[in-house]
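Enquirer: Before I ask anything, here is the structure I am working with.
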Amino acid sequence: MLIKKDSDNGCTLLNRKKIPAFSAVLTKSKSFSENEIIKFDKVFTNNLNGYNRSTGIFTAPIAGVYRFSSMVMNERGKPLVVSLWYNNTRVTSVSMKVSDHTTGTLSIILDLHKGDHIAVKSYYNYVIYSSNMNYSAFSGNLIAQ
């Protein structure tokens with residue numbers, strides 16, 4: 001449940017369908033070039049349609065404080081670095097070293113304006129591993145307005 005504080009110090013409960021939230025996964029392994037946006041192709045939740053699976057970009061439908069996370073798995077024996085981008089700025093990254101399949105997770109809370117963009121990008125030419133087990137995912141939701 002999300003509570004919106006009104007200007008008169010009253011509170012309003014927001015209907016869950018009015019709360020921007022999305023969760024999407026990468027359904028198969030894919031090669032990415034440097035700074036390419038990762039398009040998580042299977043969408044489980046997309047309240048207010050902020051996430052575009054064709055572009056891999058979340059566009060904030062309303063202003064507020066959002067939580068974002070992404071989990072990715074490297075291809076066996078190969079390194080992987082991905083970054084979360086806020087508009088045109090890299091804000092956080094995660095790196096997996098060469099080893100067996102390794103999962104890395106990044107998480108951040110950002111104060112967004114309506115229309116701001118969030119995306120996960122490959123740092124260099126890497127392969128992100130996934131399968132029908134959905135090892136690589138990207139999620140976000142509004143936590144305060």
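Numbering starts fresh at 1 for the residues of each chain in the structure tokens, the chains themselves are lettered A, B, ... in the order given, and ligands are numbered from 1 as they appear.
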Leaving out Ser33 in chain A and any residue of its chain fewer than 3 positions from it, which residues lie within 10 Å of it when counting only C-alpha atoms, given as number ranges by chain?

Expert: A: 36-38, 121-127

Enquirer: Name the residues in contact with Lys114 in chain A at a cut-off of 12 Å, using only C-alpha atoms, excluding same-chain residues fewer than 5 positions from it; report them as an MDAnalysis selection string.

Expert: chainID A and resid 20 50 58:66 87 142 145

Enquirer: Near Lys39 in chain A, within 12 Å and counting only C-alpha atoms, which residues show up once chain neighbours fewer than 5 positions away are dropped, as a list in words?

Expert: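 The residues that qualify are Ala24, Val25, Leu26, Thr27, Lys28, Ser29, Lys30, Ser31, Phe32, Tyr51, Asn52, Arg53, Ser54, Thr55, Gly56, Ile57, Phe58, Ile118, Ala119, Val120, Lys121, Ser122, Ile128, Ser136, Ala137 and Phe138 of chain A.
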
Enquirer: Hey, can you check how far CA of Arg90 in chain A sits from CA of Val43 in chain A?

Expert: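 Interatomic distance, CA of Arg90 in chain A to CA of Val43 in chain A: 23.7 Å.
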
Enquirer: Mind checking which residues fall within 6 Å of Phe22 in chain A, counting only C-alpha atoms, ignoring those fewer than 2 positions away in the same chain, and posting them as an NGL selection string?

Expert: :A and (45-46 or 139-140)

Enquirer: Selection from above, C-alpha atoms, as a PDB file, in the first residue's frame, can you write it?

Expert:
```pdb
ATOM      1  CA  THR A  45       4.144  -6.586 -14.302  1.00  0.00           C
ATOM      2  CA  ASN A  46       3.873  -3.173 -15.945  1.00  0.00           C
ATOM      3  CA  SER A 139      12.408  -4.258 -11.786  1.00  0.00           C
ATOM      4  CA  GLY A 140      11.275  -0.938 -10.412  1.00  0.00           C
TER       5      GLY A 140
END
```

Enquirer: Measure the distance from CA of Ser95 in chain A to CA of His113 in chain A in Å and round it to one decimal.

Expert: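 Answer for the CA of Ser95 in chain A to CA of His113 in chain A separation: 28.5 Å.
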
Enquirer: Please indicate the distance in Å from CA of Leu110 in chain A to CA of Asn134 in chain A, rounded to one decimal place.

Expert: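 Going from CA of Leu110 in chain A over to CA of Asn134 in chain A covers 25.3 Å.
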
Enquirer: Find the residues near His101 in chain A: any atom within 12 Å, counting only C-alpha atoms, skip ones fewer than 2 places away on the same chain, and give them as an NGL selection string.

Expert: :A and (72-80 or 96-99 or 103-104 or 127-130 or 135-136)

Enquirer: May I have the selected residues written with C-alpha atoms, as an mmCIF file, in the first residue's frame?

Expert:
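Result written to part_15.cif:
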```cif
data_model
loop_
_atom_site.group_PDB
_atom_site.id
_atom_site.type_symbol
_atom_site.label_atom_id
_atom_site.label_comp_id
_atom_site.auth_asym_id
_atom_site.auth_seq_id
_atom_site.Cartn_x
_atom_site.Cartn_y
_atom_site.Cartn_z
ATOM 1 C CA VAL A 72 22.223 -10.395 -14.226
ATOM 2 C CA MET A 73 24.249 -13.559 -14.760
ATOM 3 C CA ASN A 74 27.496 -13.821 -16.684
ATOM 4 C CA GLU A 75 28.228 -16.437 -19.296
ATOM 5 C CA ARG A 76 30.334 -19.255 -17.824
ATOM 6 C CA GLY A 77 33.999 -18.246 -17.779
ATOM 7 C CA LYS A 78 33.461 -14.678 -19.036
ATOM 8 C CA PRO A 79 33.372 -11.325 -17.211
ATOM 9 C CA LEU A 80 30.318 -9.067 -17.196
ATOM 10 C CA MET A 96 31.057 -10.282 -12.271
ATOM 11 C CA LYS A 97 34.519 -11.811 -12.606
ATOM 12 C CA VAL A 98 35.537 -14.715 -14.793
ATOM 13 C CA SER A 99 34.280 -17.865 -13.075
ATOM 14 C CA THR A 103 24.963 -13.466 -10.508
ATOM 15 C CA GLY A 104 25.378 -9.778 -9.744
ATOM 16 C CA VAL A 127 27.128 -11.823 -23.077
ATOM 17 C CA ILE A 128 24.361 -11.869 -20.478
ATOM 18 C CA TYR A 129 23.276 -15.381 -19.605
ATOM 19 C CA SER A 130 19.648 -16.326 -19.168
ATOM 20 C CA TYR A 135 18.359 -15.559 -14.306
ATOM 21 C CA SER A 136 18.519 -11.931 -15.483
#
```

Enquirer: Got a sec to tell me which of chain A DSSP assigns to strand (DSSP E or B), as an mmCIF file with C-alpha atoms, in the first residue's frame?

Expert:
```cif
data_model
loop_
_atom_site.group_PDB
_atom_site.id
_atom_site.type_symbol
_atom_site.label_atom_id
_atom_site.label_comp_id
_atom_site.auth_asym_id
_atom_site.auth_seq_id
_atom_site.Cartn_x
_atom_site.Cartn_y
_atom_site.Cartn_z
ATOM 1 C CA LEU A 2 1.340 3.438 -0.896
ATOM 2 C CA ILE A 3 0.253 6.588 0.894
ATOM 3 C CA LYS A 4 0.329 9.986 -0.773
ATOM 4 C CA LYS A 5 0.621 12.954 1.559
ATOM 5 C CA CYS A 11 -3.220 11.250 3.466
ATOM 6 C CA THR A 12 -4.675 9.398 0.518
ATOM 7 C CA LEU A 13 -4.235 5.704 -0.199
ATOM 8 C CA LEU A 14 -3.285 5.086 -3.813
ATOM 9 C CA ALA A 21 5.685 -0.816 -11.020
ATOM 10 C CA PHE A 22 7.327 -3.193 -13.473
ATOM 11 C CA SER A 23 9.251 -6.440 -13.540
ATOM 12 C CA ALA A 24 10.796 -7.995 -16.650
ATOM 13 C CA VAL A 25 13.281 -10.770 -17.421
ATOM 14 C CA LEU A 26 15.668 -11.731 -20.194
ATOM 15 C CA LYS A 30 22.294 -12.522 -25.631
ATOM 16 C CA SER A 31 25.422 -10.646 -26.742
ATOM 17 C CA PHE A 32 25.460 -6.904 -26.117
ATOM 18 C CA ILE A 37 20.532 -1.058 -23.547
ATOM 19 C CA LYS A 42 9.333 -10.939 -20.895
ATOM 20 C CA VAL A 43 7.264 -8.555 -18.783
ATOM 21 C CA PHE A 44 5.462 -9.869 -15.709
ATOM 22 C CA THR A 45 4.144 -6.586 -14.302
ATOM 23 C CA ASN A 46 3.873 -3.173 -15.945
ATOM 24 C CA ASN A 47 1.462 -0.961 -14.009
ATOM 25 C CA TYR A 51 8.511 -0.060 -19.031
ATOM 26 C CA ASN A 52 8.906 -0.491 -22.794
ATOM 27 C CA ILE A 57 13.667 1.817 -21.070
ATOM 28 C CA PHE A 58 11.485 2.687 -18.082
ATOM 29 C CA THR A 59 9.923 6.152 -18.411
ATOM 30 C CA GLY A 64 8.253 10.389 -7.146
ATOM 31 C CA VAL A 65 10.842 8.287 -5.387
ATOM 32 C CA TYR A 66 11.448 4.954 -7.116
ATOM 33 C CA ARG A 67 13.352 1.789 -6.246
ATOM 34 C CA PHE A 68 15.134 -0.045 -9.077
ATOM 35 C CA SER A 69 17.015 -3.320 -9.106
ATOM 36 C CA SER A 70 18.571 -5.549 -11.697
ATOM 37 C CA MET A 71 20.049 -9.010 -11.438
ATOM 38 C CA VAL A 72 22.223 -10.395 -14.226
ATOM 39 C CA MET A 73 24.249 -13.559 -14.760
ATOM 40 C CA ASN A 74 27.496 -13.821 -16.684
ATOM 41 C CA LEU A 80 30.318 -9.067 -17.196
ATOM 42 C CA VAL A 81 29.712 -5.453 -16.160
ATOM 43 C CA VAL A 82 26.343 -3.719 -16.412
ATOM 44 C CA SER A 83 25.257 -0.252 -15.306
ATOM 45 C CA LEU A 84 21.976 1.408 -14.440
ATOM 46 C CA TRP A 85 21.502 4.718 -16.247
ATOM 47 C CA TYR A 86 19.326 7.647 -15.108
ATOM 48 C CA THR A 89 24.075 9.409 -16.439
ATOM 49 C CA ARG A 90 25.495 6.128 -15.163
ATOM 50 C CA VAL A 91 24.492 5.914 -11.497
ATOM 51 C CA THR A 92 25.546 2.421 -10.390
ATOM 52 C CA SER A 93 27.243 -0.665 -11.794
ATOM 53 C CA VAL A 94 27.844 -4.308 -10.947
ATOM 54 C CA SER A 95 30.739 -6.505 -12.074
ATOM 55 C CA MET A 96 31.057 -10.282 -12.271
ATOM 56 C CA THR A 103 24.963 -13.466 -10.508
ATOM 57 C CA GLY A 104 25.378 -9.778 -9.744
ATOM 58 C CA THR A 105 22.703 -7.467 -8.375
ATOM 59 C CA LEU A 106 22.416 -3.708 -8.313
ATOM 60 C CA SER A 107 19.834 -1.665 -6.460
ATOM 61 C CA ILE A 108 19.242 2.056 -6.086
ATOM 62 C CA ILE A 109 16.587 4.553 -4.995
ATOM 63 C CA LEU A 110 16.125 7.634 -7.192
ATOM 64 C CA ASP A 111 13.913 10.725 -7.076
ATOM 65 C CA LEU A 112 12.452 10.995 -10.583
ATOM 66 C CA HIS A 117 14.356 7.495 -18.201
ATOM 67 C CA ILE A 118 15.957 4.491 -16.498
ATOM 68 C CA ALA A 119 17.763 1.690 -18.341
ATOM 69 C CA VAL A 120 20.312 -1.057 -17.746
ATOM 70 C CA LYS A 121 23.230 -1.077 -20.200
ATOM 71 C CA SER A 122 26.118 -3.386 -20.943
ATOM 72 C CA TYR A 126 29.508 -8.879 -23.072
ATOM 73 C CA VAL A 127 27.128 -11.823 -23.077
ATOM 74 C CA ILE A 128 24.361 -11.869 -20.478
ATOM 75 C CA TYR A 129 23.276 -15.381 -19.605
ATOM 76 C CA SER A 136 18.519 -11.931 -15.483
ATOM 77 C CA ALA A 137 15.846 -9.397 -14.496
ATOM 78 C CA PHE A 138 15.041 -5.676 -14.148
ATOM 79 C CA SER A 139 12.408 -4.258 -11.786
ATOM 80 C CA GLY A 140 11.275 -0.938 -10.412
ATOM 81 C CA ASN A 141 8.445 0.644 -8.487
ATOM 82 C CA LEU A 142 7.286 3.900 -6.968
ATOM 83 C CA ILE A 143 7.862 3.964 -3.204
ATOM 84 C CA ALA A 144 6.874 7.562 -2.364
#
```
